[in-house]
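Encoded as C-alpha cells, the structure appears first; notes follow it.
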Amino acid sequence: MTTFKSRLQGDLTAAIKERDELRSATLRMALAAITTEEVAGKTARELSDDEVRKVLAREAKKRREAAEAFEKGGRAESAERERAEGAVLADYLPRQLTDEELAVLVDEAVAEARAQGAEGPRAMGAVMKAVNPRVDGRAEGGRVAAAVKRALAG
C-alpha cells in the first residue's frame with residue numbers, strides 16, 4: 001500500500017476515534033474515490049502517491065464546484081459543508097501557487113517559447129507544455145491556461 005494512502009487511513013481512524021464527523025466523512029469519501037480509481041479498468045492496481053494526490057485534487061475541485069453551485073442555488077448551508085470538506089482535503093495537497101507565483105512561471109515559459117520561435121496565441125500549446133511540469137499540481141489547469149492566455153495576449 002502506498003504511504004500516502006496509509007496515512008489517509010490512519011487519519012481516518014484517528015478522526016473516528018475523536019468523533020470528528022466532518023473529517024471522517026471526508027476521508028471516507030476520499031478513500032472511496034481512491035479505491036474506485038484502483039479498480040477502474042481491466043485489472044485492479046495499486047495507485048502511486050502521485051496518483052493518490054491527483055485523485056484528492058480532483059475531489060477537492062469537485063467540492064469547490066459543488067460549493068459554487070449550492071451558493072448560486074441559495075443553499076448556503078450545503079455550500080459551507082462542501083467548503084469545509086474541501087479544506088480537509090486541502091490539508092493533504094501541495095500548497096497552491098498564488099497568482100503572482102503562477103505569473104512568474106508562465107512568463108518564464110512564454111520567454112522560452114518565444115526564444116524557440118513560437119509567437120502569439122499559436123504558442124499556447126508550447127507554453128502549456130513547458131509550464132505544466134513546473135506547476136505540477138499546485139494550480140488547476142484552468143487557472144494555468146488563463147494565465148498563459150493573458151501572458152500571450154500581453
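Every chain in the C-alpha cells takes a letter, A first, then B, and so on in the order presented; its residues are numbered from 1, and the ligands are numbered from 1 following the presented order.
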task = Find the spatial neighbours of range 11-14 of chain A, counting only C-alpha atoms, within a cut-off of 8 Å - ignore same-chain residues fewer than 6 positions away - and output them as a ChimeraX atom specification.
result = /A:23-24,27-28
Quiz item: Taking the backbone alone, and naming residues the way the document does, which bits of chain A are helix (DSSP H, G or I) by DSSP, as an MDAnalysis selection string?
Solution: chainID A and resid 3:17 21:39 49:72 76:90 99:115 120:135 141:153
Put those residues in a file: C-alpha atoms, as a short mmCIF file (atom, residue, chain, number, x, y, z; two decimals), in the first residue's frame.
```cif
data_model
loop_
_atom_site.label_atom_id
_atom_site.label_comp_id
_atom_site.auth_asym_id
_atom_site.auth_seq_id
_atom_site.Cartn_x
_atom_site.Cartn_y
_atom_site.Cartn_z
CA THR A 3 2.44 5.50 2.18
CA PHE A 4 0.09 8.38 1.32
CA LYS A 5 -2.96 6.13 1.24
CA SER A 6 -1.97 4.50 4.53
CA ARG A 7 -1.60 7.99 6.04
CA LEU A 8 -5.15 8.80 4.95
CA GLN A 9 -6.41 5.57 6.50
CA GLY A 10 -4.57 6.31 9.74
CA ASP A 11 -6.02 9.82 9.83
CA LEU A 12 -9.49 8.36 9.21
CA THR A 13 -9.08 6.02 12.18
CA ALA A 14 -7.97 8.94 14.36
CA ALA A 15 -10.90 11.09 13.19
CA ILE A 16 -13.36 8.32 14.01
CA LYS A 17 -11.86 7.90 17.49
CA GLU A 21 -17.75 13.73 11.80
CA LEU A 22 -16.66 16.15 9.07
CA ARG A 23 -13.10 14.85 8.84
CA SER A 24 -14.08 11.18 9.00
CA ALA A 25 -16.82 11.59 6.36
CA THR A 26 -14.46 13.50 4.05
CA LEU A 27 -11.65 10.97 4.43
CA ARG A 28 -14.08 8.09 3.83
CA MET A 29 -15.22 9.80 0.64
CA ALA A 30 -11.61 10.35 -0.47
CA LEU A 31 -10.62 6.75 0.23
CA ALA A 32 -13.69 5.54 -1.66
CA ALA A 33 -12.64 7.65 -4.66
CA ILE A 34 -9.12 6.20 -4.44
CA THR A 35 -10.49 2.65 -4.30
CA THR A 36 -12.75 3.35 -7.27
CA GLU A 37 -9.73 4.57 -9.23
CA GLU A 38 -7.75 1.47 -8.22
CA VAL A 39 -10.38 -0.96 -9.52
CA ASP A 49 1.42 8.50 -4.14
CA ASP A 50 1.26 10.92 -7.10
CA GLU A 51 -1.86 9.21 -8.43
CA VAL A 52 -3.47 9.38 -4.98
CA ARG A 53 -2.72 13.13 -4.86
CA LYS A 54 -4.33 13.56 -8.28
CA VAL A 55 -7.47 11.79 -7.06
CA LEU A 56 -7.55 14.05 -3.99
CA ALA A 57 -7.05 17.14 -6.17
CA ARG A 58 -9.95 16.03 -8.37
CA GLU A 59 -12.14 15.52 -5.29
CA ALA A 60 -11.17 18.95 -3.93
CA LYS A 61 -12.11 20.52 -7.26
CA LYS A 62 -15.50 18.77 -7.10
CA ARG A 63 -16.05 20.28 -3.65
CA ARG A 64 -15.25 23.80 -4.90
CA GLU A 65 -17.56 23.43 -7.88
CA ALA A 66 -20.35 22.00 -5.73
CA ALA A 67 -19.97 24.85 -3.23
CA GLU A 68 -20.34 27.38 -6.05
CA ALA A 69 -23.41 25.57 -7.39
CA PHE A 70 -25.02 25.41 -3.94
CA GLU A 71 -24.25 29.09 -3.41
CA LYS A 72 -25.94 30.02 -6.69
CA ALA A 76 -25.66 28.36 1.88
CA GLU A 77 -25.55 25.54 4.45
CA SER A 78 -24.72 22.91 1.81
CA ALA A 79 -22.16 25.25 0.22
CA GLU A 80 -20.47 25.71 3.61
CA ARG A 81 -20.30 21.92 4.10
CA GLU A 82 -18.65 21.50 0.68
CA ARG A 83 -16.11 24.22 1.50
CA ALA A 84 -15.33 22.55 4.84
CA GLU A 85 -14.76 19.21 3.07
CA GLY A 86 -12.53 21.00 0.56
CA ALA A 87 -10.50 22.45 3.42
CA VAL A 88 -9.96 18.98 4.88
CA LEU A 89 -8.73 17.72 1.50
CA ALA A 90 -6.51 20.79 1.05
CA ASP A 99 -1.45 34.35 -8.87
CA GLU A 100 1.91 36.14 -8.71
CA GLU A 101 3.92 32.91 -8.44
CA LEU A 102 1.93 31.41 -11.31
CA ALA A 103 2.51 34.54 -13.44
CA VAL A 104 6.29 34.27 -12.92
CA LEU A 105 6.32 30.61 -14.04
CA VAL A 106 4.14 31.42 -17.06
CA ASP A 107 6.32 34.40 -18.04
CA GLU A 108 9.42 32.19 -17.98
CA ALA A 109 7.69 29.59 -20.17
CA VAL A 110 6.48 32.28 -22.60
CA ALA A 111 10.04 33.63 -22.88
CA GLU A 112 11.34 30.12 -23.64
CA ALA A 113 8.64 29.58 -26.28
CA ARG A 114 9.43 32.90 -27.93
CA ALA A 115 13.12 32.00 -27.97
CA GLY A 120 1.11 34.87 -30.23
CA PRO A 121 -1.89 32.67 -29.49
CA ARG A 122 -0.44 29.80 -31.54
CA ALA A 123 2.24 29.39 -28.87
CA MET A 124 -0.38 28.28 -26.33
CA GLY A 125 0.43 24.56 -26.69
CA ALA A 126 4.18 25.07 -26.44
CA VAL A 127 3.85 27.29 -23.38
CA MET A 128 1.40 24.92 -21.65
CA LYS A 129 3.77 22.02 -22.34
CA ALA A 130 6.62 23.96 -20.74
CA VAL A 131 4.73 25.31 -17.73
CA ASN A 132 2.73 22.23 -16.67
CA PRO A 133 5.70 20.26 -15.25
CA ARG A 134 6.73 23.33 -13.22
CA VAL A 135 3.25 23.80 -11.81
CA GLY A 141 -5.34 23.57 -15.37
CA GLY A 142 -7.96 26.26 -15.97
CA ARG A 143 -6.03 28.78 -13.91
CA VAL A 144 -2.81 27.92 -15.75
CA ALA A 145 -4.48 28.19 -19.17
CA ALA A 146 -5.99 31.58 -18.27
CA ALA A 147 -2.61 32.87 -17.08
CA VAL A 148 -0.95 31.66 -20.30
CA LYS A 149 -3.63 33.34 -22.44
CA ARG A 150 -3.13 36.62 -20.53
CA ALA A 151 0.65 36.42 -20.94
CA LEU A 152 0.44 35.67 -24.66
CA ALA A 153 -2.09 38.45 -25.25
#
```
Q: Rounded to one decimal place, report the CA of Asp91 in chain A-CA of Arg19 in chain A distance in Å.
A: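 Between CA of Asp91 in chain A and CA of Arg19 in chain A the gap works out to 18.7 Å.
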So how many Å separate CA of Asp136 in chain A and CA of Gln116 in chain A, to one decimal?
->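 If I compute the distance from CA of Asp136 in chain A to CA of Gln116 in chain A, I get 22.8 Å.
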Margin query: Let me make sure I understand: among A:Ala44, A:Gly73, A:Gln96, A:Gly117, which one has the smallest atom-to-atom distance to Glu140 in chain A if we use only C-alpha atoms?
Written below: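 Ranked by minimum distance to Glu140 in chain A, first place goes to A:Gln96.
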